[in-house]
$ cat protein_30.txt   # compact mmCIF, N, CA and C atoms
# COMPACT_ATOMS: atom_id res chain seq x y z
N MET A 1 40.73 32.40 -17.59
CA MET A 1 40.42 31.10 -18.11
C MET A 1 39.95 30.17 -17.00
N GLY A 2 40.16 30.52 -15.75
CA GLY A 2 39.84 29.64 -14.63
C GLY A 2 38.38 29.61 -14.26
N GLY A 3 37.68 30.74 -14.26
CA GLY A 3 36.30 30.74 -13.79
C GLY A 3 35.44 31.69 -14.60
N PHE A 4 34.15 31.56 -14.36
CA PHE A 4 33.21 32.42 -15.07
C PHE A 4 32.78 33.56 -14.17
N SER A 5 32.63 34.74 -14.75
CA SER A 5 32.15 35.88 -13.98
C SER A 5 30.63 35.92 -14.07
N ILE A 6 30.03 36.86 -13.39
CA ILE A 6 28.57 37.00 -13.39
C ILE A 6 28.07 37.34 -14.80
N TRP A 7 28.88 38.04 -15.57
CA TRP A 7 28.46 38.42 -16.92
C TRP A 7 28.38 37.21 -17.84
N HIS A 8 29.26 36.26 -17.66
CA HIS A 8 29.18 35.03 -18.46
C HIS A 8 27.88 34.29 -18.16
N TRP A 9 27.52 34.19 -16.88
CA TRP A 9 26.29 33.48 -16.50
C TRP A 9 25.06 34.21 -17.00
N LEU A 10 25.08 35.54 -16.99
CA LEU A 10 23.94 36.30 -17.51
C LEU A 10 23.76 36.09 -19.02
N VAL A 11 24.84 36.04 -19.76
CA VAL A 11 24.76 35.78 -21.19
C VAL A 11 24.21 34.38 -21.45
N VAL A 12 24.66 33.40 -20.70
CA VAL A 12 24.17 32.04 -20.85
C VAL A 12 22.68 31.99 -20.52
N LEU A 13 22.25 32.67 -19.47
CA LEU A 13 20.84 32.70 -19.10
C LEU A 13 19.98 33.32 -20.20
N VAL A 14 20.44 34.41 -20.78
CA VAL A 14 19.69 35.05 -21.86
C VAL A 14 19.58 34.13 -23.07
N ILE A 15 20.65 33.45 -23.41
CA ILE A 15 20.62 32.53 -24.55
C ILE A 15 19.66 31.37 -24.28
N VAL A 16 19.68 30.83 -23.08
CA VAL A 16 18.78 29.73 -22.73
C VAL A 16 17.33 30.20 -22.80
N LEU A 17 17.05 31.39 -22.30
CA LEU A 17 15.68 31.93 -22.37
C LEU A 17 15.24 32.13 -23.81
N LEU A 18 16.13 32.58 -24.67
CA LEU A 18 15.78 32.78 -26.07
C LEU A 18 15.54 31.45 -26.79
N VAL A 19 16.32 30.46 -26.48
CA VAL A 19 16.19 29.17 -27.15
C VAL A 19 14.94 28.41 -26.68
N PHE A 20 14.75 28.32 -25.38
CA PHE A 20 13.66 27.48 -24.85
C PHE A 20 12.38 28.25 -24.57
N GLY A 21 12.46 29.49 -24.25
CA GLY A 21 11.27 30.26 -23.91
C GLY A 21 10.91 30.08 -22.44
N THR A 22 10.15 31.04 -21.93
CA THR A 22 9.84 31.02 -20.50
C THR A 22 8.79 29.97 -20.15
N LYS A 23 7.84 29.71 -21.03
CA LYS A 23 6.81 28.72 -20.71
C LYS A 23 7.40 27.32 -20.57
N ARG A 24 8.25 26.95 -21.47
CA ARG A 24 8.85 25.61 -21.41
C ARG A 24 9.75 25.47 -20.18
N LEU A 25 10.51 26.50 -19.86
CA LEU A 25 11.37 26.45 -18.68
C LEU A 25 10.54 26.40 -17.39
N THR A 26 9.43 27.15 -17.36
CA THR A 26 8.57 27.16 -16.17
C THR A 26 7.91 25.80 -15.97
N SER A 27 7.40 25.22 -17.04
CA SER A 27 6.74 23.91 -16.91
C SER A 27 7.76 22.82 -16.57
N GLY A 28 8.95 22.93 -17.09
CA GLY A 28 10.00 21.97 -16.76
C GLY A 28 10.40 22.07 -15.30
N ALA A 29 10.47 23.28 -14.78
CA ALA A 29 10.82 23.48 -13.37
C ALA A 29 9.71 22.93 -12.47
N LYS A 30 8.45 23.13 -12.85
CA LYS A 30 7.33 22.60 -12.07
C LYS A 30 7.35 21.08 -12.07
N ASP A 31 7.61 20.48 -13.23
CA ASP A 31 7.68 19.02 -13.32
C ASP A 31 8.81 18.47 -12.47
N LEU A 32 9.94 19.12 -12.51
CA LEU A 32 11.08 18.68 -11.71
C LEU A 32 10.78 18.81 -10.21
N GLY A 33 10.15 19.91 -9.82
CA GLY A 33 9.79 20.10 -8.42
C GLY A 33 8.81 19.06 -7.93
N SER A 34 7.80 18.73 -8.75
CA SER A 34 6.82 17.72 -8.33
C SER A 34 7.46 16.33 -8.27
N ALA A 35 8.39 16.06 -9.16
CA ALA A 35 9.08 14.77 -9.13
C ALA A 35 9.92 14.62 -7.86
N VAL A 36 10.61 15.68 -7.47
CA VAL A 36 11.41 15.65 -6.25
C VAL A 36 10.51 15.49 -5.04
N LYS A 37 9.37 16.18 -5.05
CA LYS A 37 8.41 16.10 -3.95
C LYS A 37 7.87 14.68 -3.80
N GLU A 38 7.50 14.04 -4.90
CA GLU A 38 7.00 12.66 -4.87
C GLU A 38 8.09 11.69 -4.43
N PHE A 39 9.31 11.93 -4.84
CA PHE A 39 10.43 11.07 -4.43
C PHE A 39 10.64 11.15 -2.93
N LYS A 40 10.64 12.35 -2.38
CA LYS A 40 10.81 12.51 -0.94
C LYS A 40 9.66 11.86 -0.19
N LYS A 41 8.44 12.01 -0.71
CA LYS A 41 7.27 11.39 -0.08
C LYS A 41 7.40 9.87 -0.11
N GLY A 42 7.86 9.34 -1.20
CA GLY A 42 8.06 7.91 -1.31
C GLY A 42 9.13 7.39 -0.39
N MET A 43 10.18 8.15 -0.20
CA MET A 43 11.25 7.74 0.72
C MET A 43 10.77 7.78 2.16
N ARG A 44 9.93 8.75 2.50
CA ARG A 44 9.39 8.84 3.86
C ARG A 44 8.44 7.69 4.14
N ASP A 45 7.59 7.36 3.18
CA ASP A 45 6.58 6.31 3.34
C ASP A 45 7.12 4.93 3.08
N ASP A 46 8.38 4.82 2.71
CA ASP A 46 8.96 3.53 2.33
C ASP A 46 8.97 2.54 3.48
N ASP A 47 9.23 3.00 4.70
CA ASP A 47 9.32 2.10 5.84
C ASP A 47 7.96 1.56 6.26
N LYS A 48 6.91 2.35 6.14
CA LYS A 48 5.59 1.94 6.60
C LYS A 48 5.04 0.74 5.84
N PRO A 49 5.02 0.75 4.50
CA PRO A 49 4.47 -0.42 3.81
C PRO A 49 5.30 -1.67 4.00
N ALA A 50 6.61 -1.53 4.18
CA ALA A 50 7.44 -2.71 4.38
C ALA A 50 7.08 -3.39 5.69
N ALA A 51 6.81 -2.62 6.73
CA ALA A 51 6.42 -3.20 8.01
C ALA A 51 5.05 -3.86 7.88
N GLN A 52 4.13 -3.22 7.17
CA GLN A 52 2.82 -3.80 6.97
C GLN A 52 2.91 -5.06 6.14
N LEU A 53 3.76 -5.05 5.15
CA LEU A 53 3.91 -6.22 4.28
C LEU A 53 4.46 -7.40 5.06
N SER A 54 5.43 -7.16 5.92
CA SER A 54 5.99 -8.27 6.68
C SER A 54 4.95 -8.84 7.65
N ASP A 55 4.10 -7.98 8.23
CA ASP A 55 3.04 -8.47 9.10
C ASP A 55 2.04 -9.31 8.32
N GLU A 56 1.68 -8.85 7.13
CA GLU A 56 0.72 -9.58 6.31
C GLU A 56 1.30 -10.91 5.84
N SER A 57 2.60 -10.92 5.52
CA SER A 57 3.19 -12.17 5.04
C SER A 57 3.28 -13.19 6.17
N ARG A 58 3.49 -12.72 7.38
CA ARG A 58 3.50 -13.65 8.51
C ARG A 58 2.11 -14.25 8.70
N ASP A 59 1.08 -13.43 8.60
CA ASP A 59 -0.28 -13.93 8.72
C ASP A 59 -0.60 -14.87 7.58
N GLY A 60 -0.11 -14.53 6.38
CA GLY A 60 -0.34 -15.38 5.21
C GLY A 60 0.33 -16.73 5.37
N ASP A 61 1.52 -16.77 5.97
CA ASP A 61 2.22 -18.04 6.18
C ASP A 61 1.44 -18.93 7.13
N LYS A 62 0.85 -18.33 8.16
CA LYS A 62 0.07 -19.11 9.12
C LYS A 62 -1.16 -19.71 8.45
N SER A 63 -1.83 -18.92 7.63
CA SER A 63 -3.02 -19.44 6.96
C SER A 63 -2.64 -20.51 5.95
N GLY A 64 -1.47 -20.37 5.35
CA GLY A 64 -0.99 -21.40 4.42
C GLY A 64 -0.69 -22.69 5.14
N GLU A 65 -0.14 -22.59 6.34
CA GLU A 65 0.13 -23.79 7.13
C GLU A 65 -1.17 -24.48 7.53
N LYS A 66 -2.17 -23.69 7.90
CA LYS A 66 -3.47 -24.25 8.28
C LYS A 66 -4.10 -24.97 7.09
N GLN A 67 -3.98 -24.39 5.91
CA GLN A 67 -4.53 -25.01 4.71
C GLN A 67 -3.80 -26.31 4.41
N ALA A 68 -2.51 -26.35 4.60
CA ALA A 68 -1.74 -27.58 4.35
C ALA A 68 -2.15 -28.67 5.35
N GLU A 69 -2.41 -28.29 6.60
CA GLU A 69 -2.86 -29.26 7.59
C GLU A 69 -4.24 -29.83 7.21
N ARG A 70 -5.12 -28.95 6.72
CA ARG A 70 -6.44 -29.41 6.30
C ARG A 70 -6.33 -30.37 5.12
N ASP A 71 -5.43 -30.08 4.20
CA ASP A 71 -5.25 -30.97 3.04
C ASP A 71 -4.74 -32.34 3.49
N ARG A 72 -3.82 -32.36 4.45
CA ARG A 72 -3.28 -33.63 4.95
C ARG A 72 -4.38 -34.43 5.67
N ASP A 73 -5.21 -33.72 6.44
CA ASP A 73 -6.28 -34.38 7.16
C ASP A 73 -7.34 -34.93 6.20
N ALA A 74 -7.56 -34.28 5.11
CA ALA A 74 -8.57 -34.69 4.15
C ALA A 74 -8.15 -35.99 3.45
N ARG A 75 -6.89 -36.25 3.33
CA ARG A 75 -6.40 -37.46 2.67
C ARG A 75 -6.63 -38.60 3.57
$ encode --input "protein_30.txt" --output "structure tokens"
Amino acid sequence: MGGFSIWHWLVVLVIVLLVFGTKRLTSGAKDLGSAVKEFKKGMRDDDKPAAQLSDESRDGDKSGEKQAERDRDAR
């Protein structure tokens, strides 16, 4: 009652194959693999855009300050 033997897992595998079929299981495994691959790629690339974004926002703040000075001078 404590654990499953190899025969229990083989019976479960056969039942799953009969219910879902090999094509559906294969396509599901491919989809899962590509999702994991994209997730890992996104986690690796996560630091790069954040650094670029902070650089751009700093430049954007400076241009915003210049525009505010021009508006004050125009008045």
$ atom_distance --input "protein_30.txt" --atom1 "atom C of Leu18 of chain A" --atom2 "atom C of Ala35 of chain A"
25.9 Å
$ atom_distance --input "protein_30.txt" --atom1 "atom CA of Thr22 of chain A" --atom2 "atom CA of His8 of chain A"
19.9 Å
$ atom_distance --input "protein_30.txt" --atom1 "atom N of Val12 of chain A" --atom2 "atom CA of Lys30 of chain A"
22.2 Å
